[in-house]
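Input: a single structure, listed below in structure tokens.
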Amino acid sequence: MPFAPPHSQPAQTPPRSWYTESAHPRAPRPALDGDTTTDVCVVGAGMTGTAAALHLAERGYAVRVLEEHVIGFGASGRSGGQLIAGFAAGLEPIRAQLGPAEVQAYWDLGEEAVSLVKDLIRRHNIACDFAPGHVDVALKRRQVRELEETAEDWARMGYRGLQVWDRATTQSRIASSRYVGAVHDPGGGHLHPLNYTLGLAEAAERAGAMIHDSTPMLGFEETDTGIVVRTPHGTVRARWLILCGNAYLWRTVPAIGSRIMPVGTYIIATAPMGAARARAMIPGNEGVSDVNFVLNYFRLSADHRMLFGGRVSYSRVEPSSVAQAMRRTMLGAFPDLSDVPVDFAWGGYVGITVNRLPHFGRLGRHTLFAQGFSGHGVGLTSLAGRLMAEVVAGQEERFDLFARIRHLPFPGGRLLRTPMLVAAMALHRVRDWL
């Protein structure tokens with residue numbers, strides 16, 4: 001199955017953000033130079049790719065990771081950093097395709113994703129400012145009922161520890177009059193996503209994996225014995241190829257790109273407020289997301305800033321001023337922050353699917369992929385890495401459970417899919433307002 005993407009862009013560094021400014025020091029990894037042979041070639045050094053490399057190297061496989069830019073260049077180094085249980089779509093789309101026992105197994109893997117992140121942080125001493133707890137907040141009574149139903153559904157699946165908060169409790173735990181109810185999950189959390197990704201990469205390298213910056217994949221071909229991957233200055237021959245580019249790979253691998261859409265999301269970081277004022281905003285230091293379809297999310301940083309994200313752009317057209325646009329949104333929830341300046345503003349793409357469930361699968365006999373985490377990537381990416389390593393080791397059942405979920409292509413083809421998505425999302429925004 002020969003494949004060659006239409007073009008290759010020069011390597012870039014991520015946009016300046018609070019994450020890049022507070023990241024641990026890192027040395028650049030050398031670009032691939034020459035031809036090499038390995039057991040597994042991984043494309044993409046975000047959370048998925050570095051986790052896959054780590055799990056594979058720990059099993060004794062030789063691994064080469066090819067990164068077009070630098071480690072954590074995409075959503076893995078720019079996201080809200082929230083570790084959220086469950087799935088963005090809820091359980092109904094899963095129940096529509098799988099039987100009861102399989103739905104439970106699928107749910108259990110989602111729980112494993114959250115615990116896996118915590119285990120990786122502990123086991124590899126990854127300094128990424130992990131803080132426990134996640135809160136979903138409602139802006140309307142209708143949404144409170146939806147949250148209550150979700151909590152009941154999760155309890156039926158065996159999930160323990162959720163607390164439903166009334167208006168008074170919510171506003172005592174989140175210092176905003178905008179939110180009228182919430183569900184608190186002590187099992188979730190938040191972290192510094194770039195430092196987590198860098199920590200996974202370093203752990204993978206200690207286990208024996210090799211990572212190459214500035215090494216785009218120019219094409220790949222499946223042979224009778226494996227895969228040949230071409231790069232600007234060399235080739236990699238491997239038994240397996242694992243594609244982990246997510247929102248940054250959709251154009252270059254059309255076979256899977258039609259089932260993913262890159263959408264822009266934006267974050268600001270305020271100036272430090274001091275510990276007392278910051279903790280007054282979110283006393284429990286949880287990560288927080290509202291339950292609008294087009295949602296906002298926020299949390300405190302380790303140095304007592306408010307990190308506030310959202311303003312999703314389905315057109316991929318950036319706001320004229322990310323800082324001003326996101327600050328207005330933040331002040332709508334937290335007007336008391338009007339005297340706190342914004343120090344950083346940045347954005348990037350996340351990958352979504354039509355049904356908002358993660359898209360795992362195969363291309364041919366020797367190529368695996370995982371993409372479309374739809375806002376739940378902090379947990380599901382590390383799980384994807386583990387499951388793809390299991391396939392290489394001959395244990396396919398758990399990966400295949402995810403791969404059984406059918407994913408439709410975004411309608412409209414290459415030219416019309418973005419405007420059609422923008423129109424559909426406009427309807428969801430109207431529903432959020434009602």
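Chain identifiers are assigned as A, B, and so on, following the order in which chains appear in the structure tokens; residues are numbered from 1 within each chain, and ligands are numbered from 1 in order of appearance.
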Apply DSSP to the backbone of this structure and, from range 137-264 of chain A, keep only the residues in strand (DSSP E or B); write these as JSON, numbers by chain.
{"A": [137, 138, 163, 164, 165, 181, 182, 183, 184, 185, 186, 187, 188, 189, 190, 210, 211, 212, 219, 220, 221, 222, 227, 228, 229, 230, 231, 234, 235, 236, 237, 238, 239, 240, 241, 242, 243, 261, 262, 263, 264]}
Limited to C-alpha atoms, could you put the picked residues into a file as a PDB file, in the first residue's frame?
```pdb
ATOM      1  CA  VAL A 137     -20.420  22.413  35.783  1.00  0.00           C
ATOM      2  CA  ALA A 138     -23.900  23.282  34.510  1.00  0.00           C
ATOM      3  CA  GLN A 163     -20.742  13.750  43.996  1.00  0.00           C
ATOM      4  CA  VAL A 164     -23.651  15.802  42.643  1.00  0.00           C
ATOM      5  CA  TRP A 165     -23.423  19.402  43.847  1.00  0.00           C
ATOM      6  CA  GLY A 181     -24.908  22.727  39.612  1.00  0.00           C
ATOM      7  CA  ALA A 182     -22.074  20.299  39.104  1.00  0.00           C
ATOM      8  CA  VAL A 183     -20.752  16.763  39.346  1.00  0.00           C
ATOM      9  CA  HIS A 184     -17.418  16.313  41.124  1.00  0.00           C
ATOM     10  CA  ASP A 185     -15.197  13.363  40.202  1.00  0.00           C
ATOM     11  CA  PRO A 186     -12.304  12.913  42.639  1.00  0.00           C
ATOM     12  CA  GLY A 187     -10.805  10.369  40.237  1.00  0.00           C
ATOM     13  CA  GLY A 188     -10.082  12.914  37.508  1.00  0.00           C
ATOM     14  CA  GLY A 189      -7.482  15.635  37.651  1.00  0.00           C
ATOM     15  CA  HIS A 190      -5.295  18.030  35.725  1.00  0.00           C
ATOM     16  CA  MET A 210      14.963   6.500  19.998  1.00  0.00           C
ATOM     17  CA  ILE A 211      13.165   9.766  19.158  1.00  0.00           C
ATOM     18  CA  HIS A 212      13.961  11.954  16.159  1.00  0.00           C
ATOM     19  CA  GLY A 219       5.626   8.311   2.660  1.00  0.00           C
ATOM     20  CA  PHE A 220       5.255   4.682   3.631  1.00  0.00           C
ATOM     21  CA  GLU A 221       4.764   1.375   1.892  1.00  0.00           C
ATOM     22  CA  GLU A 222       3.647  -1.945   3.268  1.00  0.00           C
ATOM     23  CA  ILE A 227       6.730  -1.323   6.470  1.00  0.00           C
ATOM     24  CA  VAL A 228       9.156   1.021   4.771  1.00  0.00           C
ATOM     25  CA  VAL A 229       8.877   4.661   5.921  1.00  0.00           C
ATOM     26  CA  ARG A 230      10.582   7.424   3.950  1.00  0.00           C
ATOM     27  CA  THR A 231      11.874  10.646   5.514  1.00  0.00           C
ATOM     28  CA  GLY A 234      16.694   8.309   5.339  1.00  0.00           C
ATOM     29  CA  THR A 235      14.331   5.366   5.571  1.00  0.00           C
ATOM     30  CA  VAL A 236      13.059   3.228   8.406  1.00  0.00           C
ATOM     31  CA  ARG A 237      12.290  -0.437   7.805  1.00  0.00           C
ATOM     32  CA  ALA A 238      10.040  -1.812  10.527  1.00  0.00           C
ATOM     33  CA  ARG A 239       7.808  -4.749  11.303  1.00  0.00           C
ATOM     34  CA  TRP A 240       5.072  -2.352  12.443  1.00  0.00           C
ATOM     35  CA  LEU A 241       4.086   1.267  11.827  1.00  0.00           C
ATOM     36  CA  ILE A 242       2.061   3.190  14.428  1.00  0.00           C
ATOM     37  CA  LEU A 243       0.485   6.477  13.314  1.00  0.00           C
ATOM     38  CA  MET A 261     -11.529  16.976  11.872  1.00  0.00           C
ATOM     39  CA  PRO A 262      -8.927  19.329  13.350  1.00  0.00           C
ATOM     40  CA  VAL A 263     -10.626  22.117  15.304  1.00  0.00           C
ATOM     41  CA  GLY A 264      -8.951  25.072  16.957  1.00  0.00           C
TER      42      GLY A 264
END
```
Contacts of range 390-405 of chain A at 7 Å or less, counting only C-alpha atoms, minus same-chain residues fewer than 5 places along, as a compact mmCIF listing (two decimals) with C-alpha atoms, in the first residue's frame?
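Done, and the output landed in part-v3.txt:
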```txt
# COMPACT_ATOMS: atom_id res chain seq x y z
CA GLN A 97 -22.91 -0.58 18.45
CA TYR A 106 -15.22 -0.54 26.77
CA HIS A 359 -10.98 6.25 16.44
CA PHE A 360 -8.62 3.25 16.63
CA GLY A 361 -7.90 0.90 13.76
```
Separation of CA of Trp18 in chain A and CA of Ala269 in chain A, in Å?
6.6 Å
Near Gly375 in chain A, counting only C-alpha atoms, which residues have an atom at most 8 Å away, once you skip same-chain residues fewer than 3 positions from it, shown as a PyMOL selection string?
chain A and resi 88+350-352
File of the preceding selection, C-alpha atoms, as a CSV table (one decimal), in the first residue's frame:
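Output saved as again.csv:
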```csv
chain,number,residue,atom,x,y,z
A,88,ALA,CA,-16.9,12.9,25.2
A,350,VAL,CA,-7.5,19.0,18.6
A,351,GLY,CA,-8.9,16.1,16.6
A,352,ILE,CA,-12.6,15.2,16.8
```
Atom-to-atom span, CA of Asp153 in chain A and CA of Arg259 in chain A, Å:
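A separation of 28.1 Å between them.
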What does the distance from CA of Met157 in chain A to CA of Phe298 in chain A come to in Å, to one decimal?
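Taking CA of Met157 in chain A as the start and CA of Phe298 in chain A as the end point, the length is 27.5 Å.
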Do you know which residues are at most 8 Å from range 205-208 of chain A counting only C-alpha atoms, after dropping those on the same chain fewer than 3 positions away, and could you put them as JSON, numbers by chain?
{"A": [54, 57, 58, 62, 63, 201, 202, 211]}
